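With PDB, C-alpha atoms, pLDDT in the B column inside, this is coords-v3.pdb:
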```pdb
ATOM      1  CA  MET E   1     176.653  86.729 102.767  1.00 83.00           C
ATOM      2  CA  PRO E   2     176.592  84.729 106.011  1.00 88.00           C
ATOM      3  CA  THR E   3     173.994  81.984 106.165  1.00 89.00           C
ATOM      4  CA  PRO E   4     171.649  81.350 109.101  1.00 92.00           C
ATOM      5  CA  GLN E   5     173.835  78.330 109.888  1.00 89.00           C
ATOM      6  CA  ALA E   6     176.902  80.582 110.072  1.00 91.00           C
ATOM      7  CA  HIS E   7     175.049  82.593 112.720  1.00 92.00           C
ATOM      8  CA  GLY E   8     174.442  79.455 114.775  1.00 92.00           C
ATOM      9  CA  ILE E   9     170.761  79.047 113.952  1.00 93.00           C
ATOM     10  CA  ASP E  10     169.777  75.410 114.410  1.00 93.00           C
ATOM     11  CA  LYS E  11     168.737  73.716 111.169  1.00 94.00           C
ATOM     12  CA  ASP E  12     165.685  71.980 112.674  1.00 95.00           C
ATOM     13  CA  GLU E  13     164.485  75.206 114.276  1.00 95.00           C
ATOM     14  CA  TRP E  14     165.011  77.115 110.999  1.00 94.00           C
ATOM     15  CA  PHE E  15     163.090  74.563 108.945  1.00 95.00           C
ATOM     16  CA  GLY E  16     160.323  74.422 111.549  1.00 96.00           C
ATOM     17  CA  LEU E  17     159.803  78.161 111.188  1.00 95.00           C
ATOM     18  CA  LEU E  18     159.723  78.193 107.366  1.00 96.00           C
ATOM     19  CA  PRO E  19     155.905  78.262 107.059  1.00 96.00           C
ATOM     20  CA  LEU E  20     155.619  81.151 109.528  1.00 97.00           C
ATOM     21  CA  MET E  21     158.466  83.105 107.916  1.00 95.00           C
ATOM     22  CA  ALA E  22     156.955  82.637 104.446  1.00 95.00           C
ATOM     23  CA  GLU E  23     153.519  83.786 105.593  1.00 94.00           C
ATOM     24  CA  GLN E  24     155.050  86.818 107.284  1.00 95.00           C
ATOM     25  CA  ALA E  25     157.042  87.637 104.153  1.00 92.00           C
ATOM     26  CA  LEU E  26     153.884  87.664 102.042  1.00 91.00           C
ATOM     27  CA  ALA E  27     151.973  89.648 104.673  1.00 92.00           C
ATOM     28  CA  SER E  28     154.679  92.332 104.630  1.00 92.00           C
ATOM     29  CA  ALA E  29     153.511  93.332 101.142  1.00 85.00           C
ATOM     30  CA  SER E  30     157.121  93.548  99.932  1.00 85.00           C
ATOM     31  CA  PRO E  31     156.657  90.731  97.392  1.00 82.00           C
ATOM     32  CA  ALA E  32     154.006  92.847  95.679  1.00 82.00           C
ATOM     33  CA  ASN E  33     156.840  95.124  94.528  1.00 87.00           C
ATOM     34  CA  ASP E  34     158.306  92.317  92.411  1.00 87.00           C
ATOM     35  CA  PRO E  35     157.197  91.617  88.847  1.00 92.00           C
ATOM     36  CA  VAL E  36     156.281  88.051  89.844  1.00 90.00           C
ATOM     37  CA  VAL E  37     154.801  87.520  93.304  1.00 88.00           C
ATOM     38  CA  PRO E  38     156.163  84.271  94.757  1.00 90.00           C
ATOM     39  CA  THR E  39     153.975  81.644  96.364  1.00 92.00           C
ATOM     40  CA  VAL E  40     154.352  80.549  99.976  1.00 93.00           C
ATOM     41  CA  ASP E  41     156.034  77.352  98.737  1.00 95.00           C
ATOM     42  CA  GLU E  42     158.517  79.318  96.630  1.00 95.00           C
ATOM     43  CA  ILE E  43     159.414  81.553  99.561  1.00 94.00           C
ATOM     44  CA  GLN E  44     159.885  78.528 101.803  1.00 96.00           C
ATOM     45  CA  ASP E  45     162.161  76.973  99.191  1.00 96.00           C
ATOM     46  CA  LEU E  46     164.301  80.122  99.085  1.00 93.00           C
ATOM     47  CA  TYR E  47     164.574  80.174 102.881  1.00 94.00           C
ATOM     48  CA  ALA E  48     165.474  76.468 102.880  1.00 93.00           C
ATOM     49  CA  GLN E  49     168.239  77.052 100.342  1.00 93.00           C
ATOM     50  CA  SER E  50     169.619  79.939 102.382  1.00 91.00           C
ATOM     51  CA  HIS E  51     170.405  77.753 105.416  1.00 86.00           C
ATOM     52  CA  ALA E  52     173.004  75.663 103.578  1.00 72.00           C
TER      53      ALA E  52
END
```

Target format structure tokens, applied to this file:
Amino acid sequence: MPTPQAHGIDKDEWFGLLPLMAEQALASASPANDPVVPTVDEIQDLYAQSHA
């Protein structure tokens, strides 16, 4: 799967948007479909790992 970096998304911009993206992910209600609902910090960590 291509990473954000592979699509030319700047690392600093990506990391600056992590809090907003995590909040939006939780607000979408999709995490409620998982057996364990992640925290904002856990979602941010997953997004951070995906940029590499």

Note to self: Please list as an MDAnalysis selection string every residue within 10 Å of segment 19-21 of chain E, counting only C-alpha atoms and excluding residues in the same chain fewer than 4 positions away.
What the structure shows: chainID E and resid 14:15 25:27 40:41 43:44 47

Check: In terms of the shortest atom-to-atom distance over only C-alpha atoms, which of E:Asn33, E:Thr39, E:Met1, E:Ala48 is closest to Leu18 of chain E?
Finding: E:Ala48

Checklist line | Selection near Gly8 of chain E, 12 Å with all atoms listed in the file, sequence-local residues under 6 positions removed, as a ChimeraX atom specification | finding: /E:2,14,51-52

Next item on the list: Between atom CA of Ser50 of chain E and atom CA of Asp12 of chain E, measure the distance and give it in Å to one decimal.
Entry: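 Pair atom CA of Ser50 of chain E / atom CA of Asp12 of chain E returns 13.6 Å.
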
Would you mind putting N, CA, C and O atoms back on segment 20-39 of chain E and writing the result as a short mmCIF file (atom, residue, chain, number, x, y, z; two decimals), in the coordinates of the input?
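Saved as result-v8.cif:
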```
data_model
loop_
_atom_site.label_atom_id
_atom_site.label_comp_id
_atom_site.auth_asym_id
_atom_site.auth_seq_id
_atom_site.Cartn_x
_atom_site.Cartn_y
_atom_site.Cartn_z
N LEU E 20 155.90 79.86 108.89
CA LEU E 20 155.62 81.15 109.53
C LEU E 20 156.39 82.28 108.84
O LEU E 20 155.81 83.34 108.54
N MET E 21 157.67 82.06 108.56
CA MET E 21 158.47 83.10 107.92
C MET E 21 157.93 83.43 106.52
O MET E 21 157.88 84.60 106.13
N ALA E 22 157.49 82.40 105.79
CA ALA E 22 156.96 82.64 104.45
C ALA E 22 155.65 83.42 104.51
O ALA E 22 155.43 84.35 103.72
N GLU E 23 154.78 83.06 105.44
CA GLU E 23 153.52 83.79 105.59
C GLU E 23 153.78 85.24 105.97
O GLU E 23 153.13 86.15 105.46
N GLN E 24 154.73 85.46 106.87
CA GLN E 24 155.05 86.82 107.28
C GLN E 24 155.66 87.61 106.13
O GLN E 24 155.41 88.81 105.99
N ALA E 25 156.45 86.95 105.31
CA ALA E 25 157.04 87.64 104.15
C ALA E 25 155.96 88.12 103.20
O ALA E 25 155.99 89.26 102.73
N LEU E 26 154.98 87.26 102.93
CA LEU E 26 153.88 87.66 102.04
C LEU E 26 153.02 88.75 102.68
O LEU E 26 152.58 89.67 102.01
N ALA E 27 152.80 88.66 103.98
CA ALA E 27 151.97 89.65 104.67
C ALA E 27 152.64 91.02 104.72
O ALA E 27 151.96 92.03 104.86
N SER E 28 153.97 91.06 104.56
CA SER E 28 154.68 92.33 104.63
C SER E 28 154.40 93.22 103.41
O SER E 28 154.74 94.39 103.41
N ALA E 29 153.84 92.64 102.39
CA ALA E 29 153.51 93.33 101.14
C ALA E 29 154.74 93.62 100.28
O ALA E 29 154.60 94.13 99.18
N SER E 30 155.92 93.32 100.75
CA SER E 30 157.12 93.55 99.93
C SER E 30 157.12 92.75 98.64
O SER E 30 157.54 93.26 97.60
N PRO E 31 156.66 91.48 98.65
CA PRO E 31 156.66 90.73 97.39
C PRO E 31 155.81 91.38 96.30
O PRO E 31 156.06 91.17 95.11
N ALA E 32 154.85 92.19 96.68
CA ALA E 32 154.01 92.85 95.68
C ALA E 32 154.80 93.84 94.83
O ALA E 32 154.35 94.25 93.77
N ASN E 33 155.99 94.21 95.29
CA ASN E 33 156.84 95.12 94.53
C ASN E 33 157.63 94.42 93.44
O ASN E 33 158.30 95.07 92.65
N ASP E 34 157.58 93.09 93.41
CA ASP E 34 158.31 92.32 92.41
C ASP E 34 157.41 92.07 91.21
O ASP E 34 156.19 92.00 91.34
N PRO E 35 158.01 91.89 90.04
CA PRO E 35 157.20 91.62 88.85
C PRO E 35 156.40 90.31 88.95
O PRO E 35 155.32 90.20 88.42
N VAL E 36 156.96 89.33 89.65
CA VAL E 36 156.28 88.05 89.84
C VAL E 36 156.19 87.81 91.35
O VAL E 36 157.22 87.70 92.02
N VAL E 37 154.99 87.74 91.87
CA VAL E 37 154.80 87.52 93.30
C VAL E 37 154.99 86.03 93.59
O VAL E 37 154.30 85.20 93.00
N PRO E 38 155.92 85.69 94.47
CA PRO E 38 156.16 84.27 94.76
C PRO E 38 155.05 83.67 95.60
O PRO E 38 154.33 84.38 96.31
N THR E 39 154.94 82.36 95.52
CA THR E 39 153.98 81.64 96.36
C THR E 39 154.63 81.36 97.72
O THR E 39 155.85 81.51 97.88
#
```
